[in-house]
file coords26.cif (mmCIF, C-alpha atoms)
data_upload
#
loop_
_atom_site.label_atom_id
_atom_site.label_comp_id
_atom_site.auth_asym_id
_atom_site.auth_seq_id
_atom_site.Cartn_x
_atom_site.Cartn_y
_atom_site.Cartn_z
CA MET A 1075 -12.89 14.44 -12.21
CA THR A 1076 -9.31 15.51 -11.54
CA GLY A 1077 -6.71 12.77 -12.01
CA VAL A 1078 -3.88 12.87 -9.49
CA VAL A 1079 -0.68 10.84 -9.09
CA VAL A 1080 1.21 10.86 -5.78
CA THR A 1081 4.62 9.19 -5.61
CA GLY A 1082 5.82 8.06 -2.21
CA GLY A 1083 2.13 7.88 -1.39
CA GLY A 1084 2.36 4.95 0.99
CA GLY A 1085 3.08 7.06 4.05
CA GLY A 1086 3.95 10.44 5.51
CA ILE A 1087 3.39 13.50 3.36
CA GLY A 1088 2.46 11.43 0.32
CA ALA A 1089 -0.32 9.60 2.12
CA ALA A 1090 -1.63 12.89 3.51
CA LEU A 1091 -1.69 14.38 0.01
CA ALA A 1092 -3.46 11.33 -1.41
CA ARG A 1093 -6.12 11.51 1.30
CA ARG A 1094 -6.63 15.24 0.84
CA PHE A 1095 -6.98 15.05 -2.94
CA ALA A 1096 -9.34 12.07 -2.68
CA ALA A 1097 -11.45 13.88 -0.09
CA GLY A 1098 -11.78 16.72 -2.57
CA GLY A 1099 -13.21 14.41 -5.20
CA ALA A 1100 -10.08 13.64 -7.21
CA GLN A 1101 -9.27 10.21 -8.59
CA VAL A 1102 -5.87 9.30 -7.16
CA VAL A 1103 -3.13 6.84 -8.06
CA VAL A 1104 -1.09 6.09 -4.95
CA ALA A 1105 2.41 5.09 -6.07
CA ASP A 1106 5.03 3.66 -3.77
CA LEU A 1107 7.95 1.26 -3.78
CA ASP A 1108 6.32 -0.53 -0.84
CA GLY A 1109 3.34 -2.32 -2.33
CA ASP A 1110 1.67 -3.07 0.98
CA LYS A 1111 1.75 0.55 2.08
CA ALA A 1112 0.54 1.79 -1.30
CA ALA A 1113 -2.34 -0.69 -1.24
CA GLU A 1114 -3.27 0.24 2.33
CA VAL A 1115 -3.56 3.96 1.55
CA ALA A 1116 -5.31 3.30 -1.76
CA LYS A 1117 -7.86 1.04 -0.07
CA GLU A 1118 -8.45 3.64 2.63
CA VAL A 1119 -9.29 6.37 0.13
CA GLY A 1120 -10.99 4.12 -2.41
CA GLU A 1121 -8.37 4.67 -5.05
CA THR A 1122 -5.74 2.80 -7.11
CA ALA A 1123 -2.29 1.64 -6.02
CA PHE A 1124 0.80 1.43 -8.19
CA VAL A 1125 3.87 -0.48 -7.03
CA GLY A 1126 7.11 0.63 -8.60
CA ASP A 1127 10.40 2.48 -8.30
CA VAL A 1128 10.69 6.02 -9.70
CA ALA A 1129 14.49 5.85 -9.54
CA SER A 1130 14.77 4.89 -13.22
CA VAL A 1131 13.56 6.02 -16.62
CA ASP A 1132 11.65 2.75 -17.05
CA GLY A 1133 10.04 3.02 -13.61
CA VAL A 1134 8.72 6.52 -14.25
CA ALA A 1135 7.49 5.55 -17.73
CA LYS A 1136 5.58 2.56 -16.31
CA LEU A 1137 4.00 4.74 -13.65
CA ILE A 1138 2.84 7.36 -16.16
CA GLU A 1139 1.51 4.68 -18.53
CA SER A 1140 -0.35 2.88 -15.76
CA ALA A 1141 -1.75 6.11 -14.30
CA ARG A 1142 -3.02 7.24 -17.70
CA ALA A 1143 -4.72 3.89 -18.20
CA THR A 1144 -6.46 4.37 -14.86
CA LEU A 1145 -7.16 8.10 -14.89
CA GLY A 1146 -7.47 8.87 -18.57
CA GLU A 1147 -5.71 12.18 -17.98
CA ILE A 1148 -3.10 13.06 -15.36
CA ASP A 1149 -4.06 16.54 -14.21
CA VAL A 1150 -1.86 16.78 -11.12
CA PHE A 1151 1.45 15.03 -10.54
CA CYS A 1152 2.87 15.07 -6.99
CA ALA A 1153 6.57 14.25 -7.17
CA ASN A 1154 6.78 13.38 -3.50
CA ALA A 1155 9.04 10.30 -3.25
CA GLY A 1156 12.38 11.08 -1.63
CA ILE A 1157 15.28 9.61 0.31
CA ALA A 1158 17.72 11.12 2.79
CA PRO A 1159 20.83 8.99 3.33
CA PHE A 1160 23.25 10.05 6.03
CA GLY A 1161 26.71 11.19 5.06
CA GLY A 1162 28.78 13.92 3.48
CA ALA A 1163 31.40 14.04 0.77
CA GLU A 1164 32.54 10.58 1.81
CA SER A 1165 29.23 9.02 0.78
CA PRO A 1166 29.75 6.32 -1.87
CA GLU A 1167 29.18 7.19 -5.51
CA GLU A 1168 26.24 4.80 -5.70
CA VAL A 1169 24.52 6.61 -2.80
CA TRP A 1170 24.92 9.96 -4.53
CA ALA A 1171 23.68 8.50 -7.81
CA HIS A 1172 20.63 6.83 -6.25
CA THR A 1173 19.68 9.94 -4.27
CA TRP A 1174 19.99 12.04 -7.42
CA ASP A 1175 17.76 9.60 -9.32
CA VAL A 1176 15.02 9.60 -6.68
CA ASN A 1177 15.10 13.23 -5.54
CA VAL A 1178 15.77 14.99 -8.86
CA MET A 1179 15.71 12.82 -11.96
CA ALA A 1180 12.36 11.26 -11.06
CA HIS A 1181 10.96 14.81 -11.32
CA VAL A 1182 12.74 15.47 -14.61
CA ARG A 1183 11.62 12.16 -16.12
CA ALA A 1184 8.03 12.64 -15.03
CA ALA A 1185 7.92 16.15 -16.50
CA ASN A 1186 9.40 14.84 -19.73
CA GLN A 1187 6.54 12.36 -19.98
CA LEU A 1188 3.81 14.79 -18.89
CA LEU A 1189 4.65 18.06 -20.60
CA PRO A 1190 3.74 17.21 -24.22
CA ALA A 1191 0.12 16.39 -23.31
CA TRP A 1192 -0.14 19.23 -20.80
CA LEU A 1193 1.16 21.79 -23.28
CA GLU A 1194 -1.24 20.52 -25.93
CA ARG A 1195 -4.14 20.85 -23.47
CA GLY A 1196 -2.89 24.17 -22.12
CA GLU A 1197 -2.99 23.02 -18.50
CA GLY A 1198 -1.19 20.78 -16.02
CA HIS A 1199 -0.09 20.90 -12.40
CA PHE A 1200 3.30 19.69 -11.14
CA ILE A 1201 3.88 19.60 -7.37
CA ALA A 1202 7.36 18.84 -6.03
CA THR A 1203 7.95 17.92 -2.41
CA VAL A 1204 11.28 19.68 -1.99
CA SER A 1205 11.74 20.32 1.76
CA ALA A 1206 13.24 23.38 3.41
CA ALA A 1207 16.58 21.71 2.70
CA GLY A 1208 16.18 22.88 -0.89
CA LEU A 1209 15.95 26.49 0.26
CA LEU A 1210 18.47 26.21 3.08
CA THR A 1211 20.56 23.09 3.71
CA SER A 1212 20.38 19.81 5.61
CA LEU A 1213 22.97 19.05 8.25
CA GLY A 1214 23.98 15.39 8.30
CA SER A 1215 23.12 14.54 4.70
CA ALA A 1216 24.99 16.17 1.86
CA PRO A 1217 23.24 14.01 -0.79
CA TYR A 1218 19.82 15.08 0.50
CA SER A 1219 20.74 18.75 0.72
CA VAL A 1220 22.33 18.90 -2.72
CA THR A 1221 19.57 17.00 -4.49
CA LYS A 1222 16.80 18.98 -2.83
CA HIS A 1223 18.46 22.15 -4.11
CA GLY A 1224 18.36 20.48 -7.51
CA ALA A 1225 14.68 19.61 -7.14
CA LEU A 1226 13.87 23.22 -6.29
CA ALA A 1227 15.92 24.50 -9.23
CA PHE A 1228 14.04 22.20 -11.61
CA ALA A 1229 10.66 23.28 -10.22
CA GLU A 1230 11.68 26.93 -10.65
CA TYR A 1231 12.73 26.21 -14.22
CA LEU A 1232 9.40 24.59 -15.03
CA SER A 1233 7.46 27.50 -13.59
CA ALA A 1234 9.54 30.17 -15.29
CA THR A 1235 9.39 28.38 -18.62
CA TYR A 1236 5.81 27.17 -18.85
CA ARG A 1237 3.51 29.19 -16.60
CA HIS A 1238 2.27 31.33 -19.52
CA ARG A 1239 1.28 28.11 -21.26
CA GLY A 1240 -1.02 26.93 -18.46
CA ILE A 1241 1.43 24.85 -16.39
CA THR A 1242 1.18 25.38 -12.64
CA VAL A 1243 4.21 24.40 -10.56
CA GLN A 1244 4.51 24.40 -6.78
CA ALA A 1245 7.32 23.42 -4.42
CA ILE A 1246 6.46 22.17 -0.94
CA CYS A 1247 9.25 23.13 1.48
CA PRO A 1248 8.55 22.04 5.08
CA GLN A 1249 11.09 21.65 7.84
CA GLY A 1250 10.56 18.69 10.18
CA VAL A 1251 7.46 16.57 9.55
CA ARG A 1252 6.50 13.65 11.79
CA THR A 1253 7.22 10.85 9.33
CA ALA A 1254 9.36 7.73 9.22
CA MET A 1255 12.08 9.81 7.54
CA LEU A 1256 12.29 12.14 10.54
CA GLU A 1257 12.32 9.19 12.93
CA SER A 1258 15.27 7.70 11.04
CA THR A 1259 17.41 10.78 11.73
CA GLY A 1260 17.64 9.88 15.41
CA THR A 1261 19.16 12.29 17.94
CA ALA A 1262 20.43 14.74 15.33
CA GLY A 1263 17.08 15.06 13.61
CA GLN A 1264 15.18 15.48 16.85
CA LEU A 1265 17.61 18.15 18.02
CA LEU A 1266 17.32 20.10 14.77
CA MET A 1267 13.67 19.60 13.88
CA GLY A 1268 11.84 17.74 16.63
CA ALA A 1269 10.51 20.76 18.52
CA SER A 1270 8.99 22.37 15.43
CA ALA A 1271 7.92 19.19 13.62
CA ILE A 1272 4.40 19.17 12.26
CA GLU A 1273 2.00 16.46 11.12
CA PRO A 1274 1.83 15.40 7.45
CA GLU A 1275 -1.78 16.61 7.33
CA GLN A 1276 -0.57 20.14 8.10
CA VAL A 1277 1.63 19.96 5.00
CA ALA A 1278 -1.39 19.00 2.92
CA ASP A 1279 -3.32 21.90 4.45
CA ALA A 1280 -0.51 24.30 3.49
CA LEU A 1281 -0.47 23.00 -0.07
CA PHE A 1282 -4.20 23.45 -0.55
CA ALA A 1283 -4.03 26.97 0.87
CA ALA A 1284 -1.18 27.75 -1.54
CA MET A 1285 -3.21 26.28 -4.41
CA GLU A 1286 -5.97 28.78 -3.65
CA SER A 1287 -3.53 31.70 -3.68
CA LYS A 1288 -1.48 30.27 -6.57
CA GLN A 1289 1.81 30.51 -4.65
CA PHE A 1290 4.88 28.72 -5.99
CA LEU A 1291 6.56 28.22 -2.61
CA VAL A 1292 4.51 26.21 -0.14
CA LEU A 1293 5.87 26.89 3.36
CA PRO A 1294 4.16 24.81 6.05
CA HIS A 1295 6.70 26.41 8.44
CA PRO A 1296 6.26 30.14 7.63
CA GLU A 1297 9.50 31.03 9.42
CA VAL A 1298 11.42 29.34 6.60
CA ALA A 1299 10.77 32.47 4.51
CA ASP A 1300 12.82 34.51 6.99
CA TYR A 1301 15.61 31.92 7.05
CA TYR A 1302 15.67 31.91 3.26
CA ALA A 1303 15.92 35.70 3.15
CA ALA A 1304 18.73 35.67 5.73
CA ARG A 1305 20.60 33.03 3.73
CA ALA A 1306 20.47 35.27 0.66
CA THR A 1307 21.22 38.61 2.29
CA GLN A 1308 23.38 37.70 5.30
CA THR A 1309 25.07 34.57 4.01
CA ASP A 1310 28.11 34.48 6.29
CA ARG A 1311 26.03 35.13 9.38
CA TRP A 1312 23.59 32.42 8.29
CA LEU A 1313 26.37 29.92 7.67
CA GLY A 1314 27.83 30.75 11.06
CA GLY A 1315 24.49 29.96 12.66
CA MET A 1316 24.27 26.66 10.79
CA ASN A 1317 27.77 25.75 11.91
CA LYS A 1318 26.74 26.48 15.48
CA LEU A 1319 23.90 24.01 15.07
CA GLN A 1320 26.35 21.48 13.62
CA ARG A 1321 28.52 21.77 16.71
CA LYS A 1322 25.47 21.22 18.93
CA VAL A 1323 24.63 18.08 16.99
CA GLU A 1324 28.20 16.77 17.29
CA ALA A 1325 28.20 17.43 21.05
CA ALA A 1326 24.86 15.64 21.50
CA LEU A 1327 26.07 12.62 19.52
CA GLU A 1328 29.31 12.45 21.51
CA ALA A 1329 27.28 12.51 24.74
CA GLU A 1330 25.23 9.46 23.77
#
call {"tool": "encode", "arguments": {"input": "coords26.cif", "output": "structure tokens"}}
result
Amino acid sequence: MTGVVVTGGGGGIGAALARRFAAGGAQVVVADLDGDKAAEVAKEVGETAFVGDVASVDGVAKLIESARATLGEIDVFCANAGIAPFGGAESPEEVWAHTWDVNVMAHVRAANQLLPAWLERGEGHFIATVSAAGLLTSLGSAPYSVTKHGALAFAEYLSATYRHRGITVQAICPQGVRTAMLESTGTAGQLLMGASAIEPEQVADALFAAMESKQFLVLPHPEVADYYAARATQTDRWLGGMNKLQRKVEAALEAE
């Protein structure tokens, strides 16, 4: 039986991933900072909850230790937990540091714990929930945008370095998803992503389709591939379009 860990599994994309893996016969550890939410999802799918914070070395180590005690082997690790604080360059140092810990270093620390056993076995599967912000950018949250670029870069590094040794790495990069995180973005988020927002279950569907085809980039919004290409090949035009969106957001906020 496949052993799966899902961080941020108490809701949104994480809960959808936990349900999908469990439905496929995997044994799942649902990890979340919110114990009640983790327990609710775990009870629903007949699996195990872990309450803890992946924003520290100790927190990640405890999660891996507990998951191994439950699963025996961790075959798939879904680094899904993430935060998106509002703000730009003016954001306090502690906000930048915390966002970096959750969105990037939690991935690094988990990989550090997992890789020795995976490399010895010759197999392992690391799934990072990155967001389209990692391929493009995220208006309204510099810490989120920057750290999601970092999360993508780390996932790329893992894939480039270890794929010939049996390590599978995938990066899930959706745009708007109907989760509590999207709701928290208010008017700006709805203007930018509301119309094209999808359900968390559609993200899980996209991941499982990408698992079949062994694709690194998981794009629940296929149009993101075109945006990503435009960003790389027509950078100034793309930035101009993003700035146009920024001005629309500012106008909408001023009108409230």
call {"tool": "residues_around", "arguments": {"input": "coords26.cif", "residues": "range 1115-1129 of chain A", "least_positions_apart": "2", "cutoff": "6 Å", "atoms": "all atoms listed in the file", "output": "list in words"}}
result
Val1102, Val1103, Val1104, Ala1105, Asp1106, Leu1107, Gly1109, Ala1112, Ala1113, Gly1133, Val1134, Asp1175, Val1176 and Ala1180 of chain A
call {"tool": "resolve_selection", "arguments": {"input": "coords26.cif", "expression": "the PyMOL selection byres ((chain A and resi 1222-1238) around 7)", "output": "MDAnalysis selection string"}}
result
chainID A and resid 1177:1178 1202 1204:1205 1207:1209 1218:1221 1239:1243 1245
call {"tool": "atom_distance", "arguments": {"input": "coords26.cif", "atom1": "CA of Ala1278 in chain A", "atom2": "CA of Glu1139 in chain A"}}
result
26.0 Å
call {"tool": "resolve_selection", "arguments": {"input": "coords26.cif", "expression": "the PyMOL selection byres ((chain A and resi 1292-1301) around 12)", "output": "PyMOL selection string"}}
result
chain A and resi 1087+1201-1211+1226+1243-1251+1267+1270-1291+1302-1309+1311-1313+1315-1316
call {"tool": "closest_atom_pairs", "arguments": {"input": "coords26.cif", "of": "range 1189-1278 of chain A", "to": "range 1156-1167 of chain A", "cutoff": "6 Å", "atoms": "all atoms listed in the file", "output": "Markdown table"}}
result
| residue | atom | partner | partner_atom | distance |
| --- | --- | --- | --- | --- |
| A:Gly1214 | CA | A:Phe1160 | CA | 5.8 |
| A:Ser1215 | CA | A:Phe1160 | CA | 4.7 |
| A:Ala1216 | CA | A:Gly1162 | CA | 4.7 |
| A:Tyr1218 | CA | A:Ala1158 | CA | 5.0 |
call {"tool": "axis_aligned_box", "arguments": {"input": "coords26.cif", "around": "range 1130-1136 of chain A", "padding_each_side": "3 Å", "output": "AutoDock Vina command-line options"}}
result
--center_x 10.2 --center_y 4.5 --center_z -15.5 --size_x 15.2 --size_y 10.0 --size_z 10.5
call {"tool": "closest_residue", "arguments": {"input": "coords26.cif", "among": "A:Trp1192, A:Phe1095, A:Phe1200, A:Trp1174", "to": "Cys1152 in chain A", "atoms": "only C-alpha atoms"}}
result
A:Phe1200
call {"tool": "resolve_selection", "arguments": {"input": "coords26.cif", "expression": "the PyMOL selection byres ((chain A and resi 1075) around 10)", "output": "list of chain:residue names"}}
result
A:Thr1076, A:Gly1077, A:Val1078, A:Gly1098, A:Gly1099, A:Ala1100, A:Gln1101, A:Leu1145, A:Glu1147, A:Asp1149
call {"tool": "closest_residue", "arguments": {"input": "coords26.cif", "among": "A:Ala1325, A:Ile1138, A:Val1169, A:Leu1319", "to": "Asn1186 in chain A", "atoms": "all atoms listed in the file"}}
result
A:Ile1138
call {"tool": "atom_distance", "arguments": {"input": "coords26.cif", "atom1": "CA of Pro1190 in chain A", "atom2": "CA of Ala1096 in chain A"}}
result
25.7 Å
call {"tool": "closest_residue", "arguments": {"input": "coords26.cif", "among": "A:Gly1196, A:Gly1314, A:Gly1083, A:Pro1217", "to": "Ala1153 in chain A", "atoms": "only C-alpha atoms"}}
result
A:Gly1083
call {"tool": "build_atoms", "arguments": {"input": "coords26.cif", "residues": "range 1276-1293 of chain A", "atoms": "N, CA, C and O atoms", "output": "tab-separated table (two decimals), in the frame of the given file"}}
result
chain	number	residue	atom	x	y	z
A	1276	GLN	N	-0.78	18.69	8.12
A	1276	GLN	CA	-0.57	20.14	8.10
A	1276	GLN	C	0.15	20.57	6.82
A	1276	GLN	O	-0.05	21.68	6.33
A	1277	VAL	N	0.98	19.68	6.28
A	1277	VAL	CA	1.63	19.96	5.00
A	1277	VAL	C	0.59	19.99	3.89
A	1277	VAL	O	0.60	20.87	3.02
A	1278	ALA	N	-0.32	19.02	3.92
A	1278	ALA	CA	-1.39	19.00	2.92
A	1278	ALA	C	-2.26	20.25	3.03
A	1278	ALA	O	-2.65	20.84	2.01
A	1279	ASP	N	-2.54	20.68	4.25
A	1279	ASP	CA	-3.32	21.90	4.45
A	1279	ASP	C	-2.61	23.10	3.82
A	1279	ASP	O	-3.23	23.94	3.15
A	1280	ALA	N	-1.29	23.18	4.03
A	1280	ALA	CA	-0.51	24.30	3.49
A	1280	ALA	C	-0.52	24.29	1.97
A	1280	ALA	O	-0.61	25.34	1.32
A	1281	LEU	N	-0.43	23.09	1.38
A	1281	LEU	CA	-0.47	23.00	-0.07
A	1281	LEU	C	-1.81	23.50	-0.61
A	1281	LEU	O	-1.85	24.30	-1.56
A	1282	PHE	N	-2.90	23.06	-0.02
A	1282	PHE	CA	-4.20	23.45	-0.55
A	1282	PHE	C	-4.46	24.94	-0.36
A	1282	PHE	O	-5.11	25.57	-1.20
A	1283	ALA	N	-3.92	25.52	0.70
A	1283	ALA	CA	-4.03	26.97	0.87
A	1283	ALA	C	-3.22	27.69	-0.21
A	1283	ALA	O	-3.67	28.68	-0.78
A	1284	ALA	N	-2.03	27.16	-0.51
A	1284	ALA	CA	-1.18	27.75	-1.54
A	1284	ALA	C	-1.79	27.57	-2.93
A	1284	ALA	O	-1.60	28.41	-3.82
A	1285	MET	N	-2.53	26.48	-3.13
A	1285	MET	CA	-3.21	26.28	-4.41
A	1285	MET	C	-4.27	27.35	-4.62
A	1285	MET	O	-4.47	27.83	-5.74
A	1286	GLU	N	-4.94	27.74	-3.55
A	1286	GLU	CA	-5.97	28.78	-3.65
A	1286	GLU	C	-5.35	30.12	-4.03
A	1286	GLU	O	-5.91	30.87	-4.82
A	1287	SER	N	-4.17	30.40	-3.44
A	1287	SER	CA	-3.53	31.70	-3.68
A	1287	SER	C	-2.53	31.65	-4.83
A	1287	SER	O	-1.90	32.67	-5.13
A	1288	LYS	N	-2.37	30.46	-5.41
A	1288	LYS	CA	-1.48	30.27	-6.57
A	1288	LYS	C	-0.03	30.62	-6.25
A	1288	LYS	O	0.69	31.19	-7.08
A	1289	GLN	N	0.43	30.25	-5.06
A	1289	GLN	CA	1.81	30.51	-4.65
A	1289	GLN	C	2.72	29.38	-5.11
A	1289	GLN	O	2.38	28.20	-4.97
A	1290	PHE	N	3.90	29.73	-5.60
A	1290	PHE	CA	4.88	28.72	-5.99
A	1290	PHE	C	5.46	28.02	-4.76
A	1290	PHE	O	5.46	26.79	-4.67
A	1291	LEU	N	5.97	28.81	-3.82
A	1291	LEU	CA	6.56	28.22	-2.61
A	1291	LEU	C	5.47	27.89	-1.60
A	1291	LEU	O	4.69	28.76	-1.22
A	1292	VAL	N	5.44	26.64	-1.17
A	1292	VAL	CA	4.51	26.21	-0.14
A	1292	VAL	C	5.34	26.04	1.14
A	1292	VAL	O	6.21	25.17	1.21
A	1293	LEU	N	5.06	26.88	2.14
A	1293	LEU	CA	5.87	26.89	3.36
A	1293	LEU	C	5.02	26.53	4.57
A	1293	LEU	O	4.46	27.41	5.24
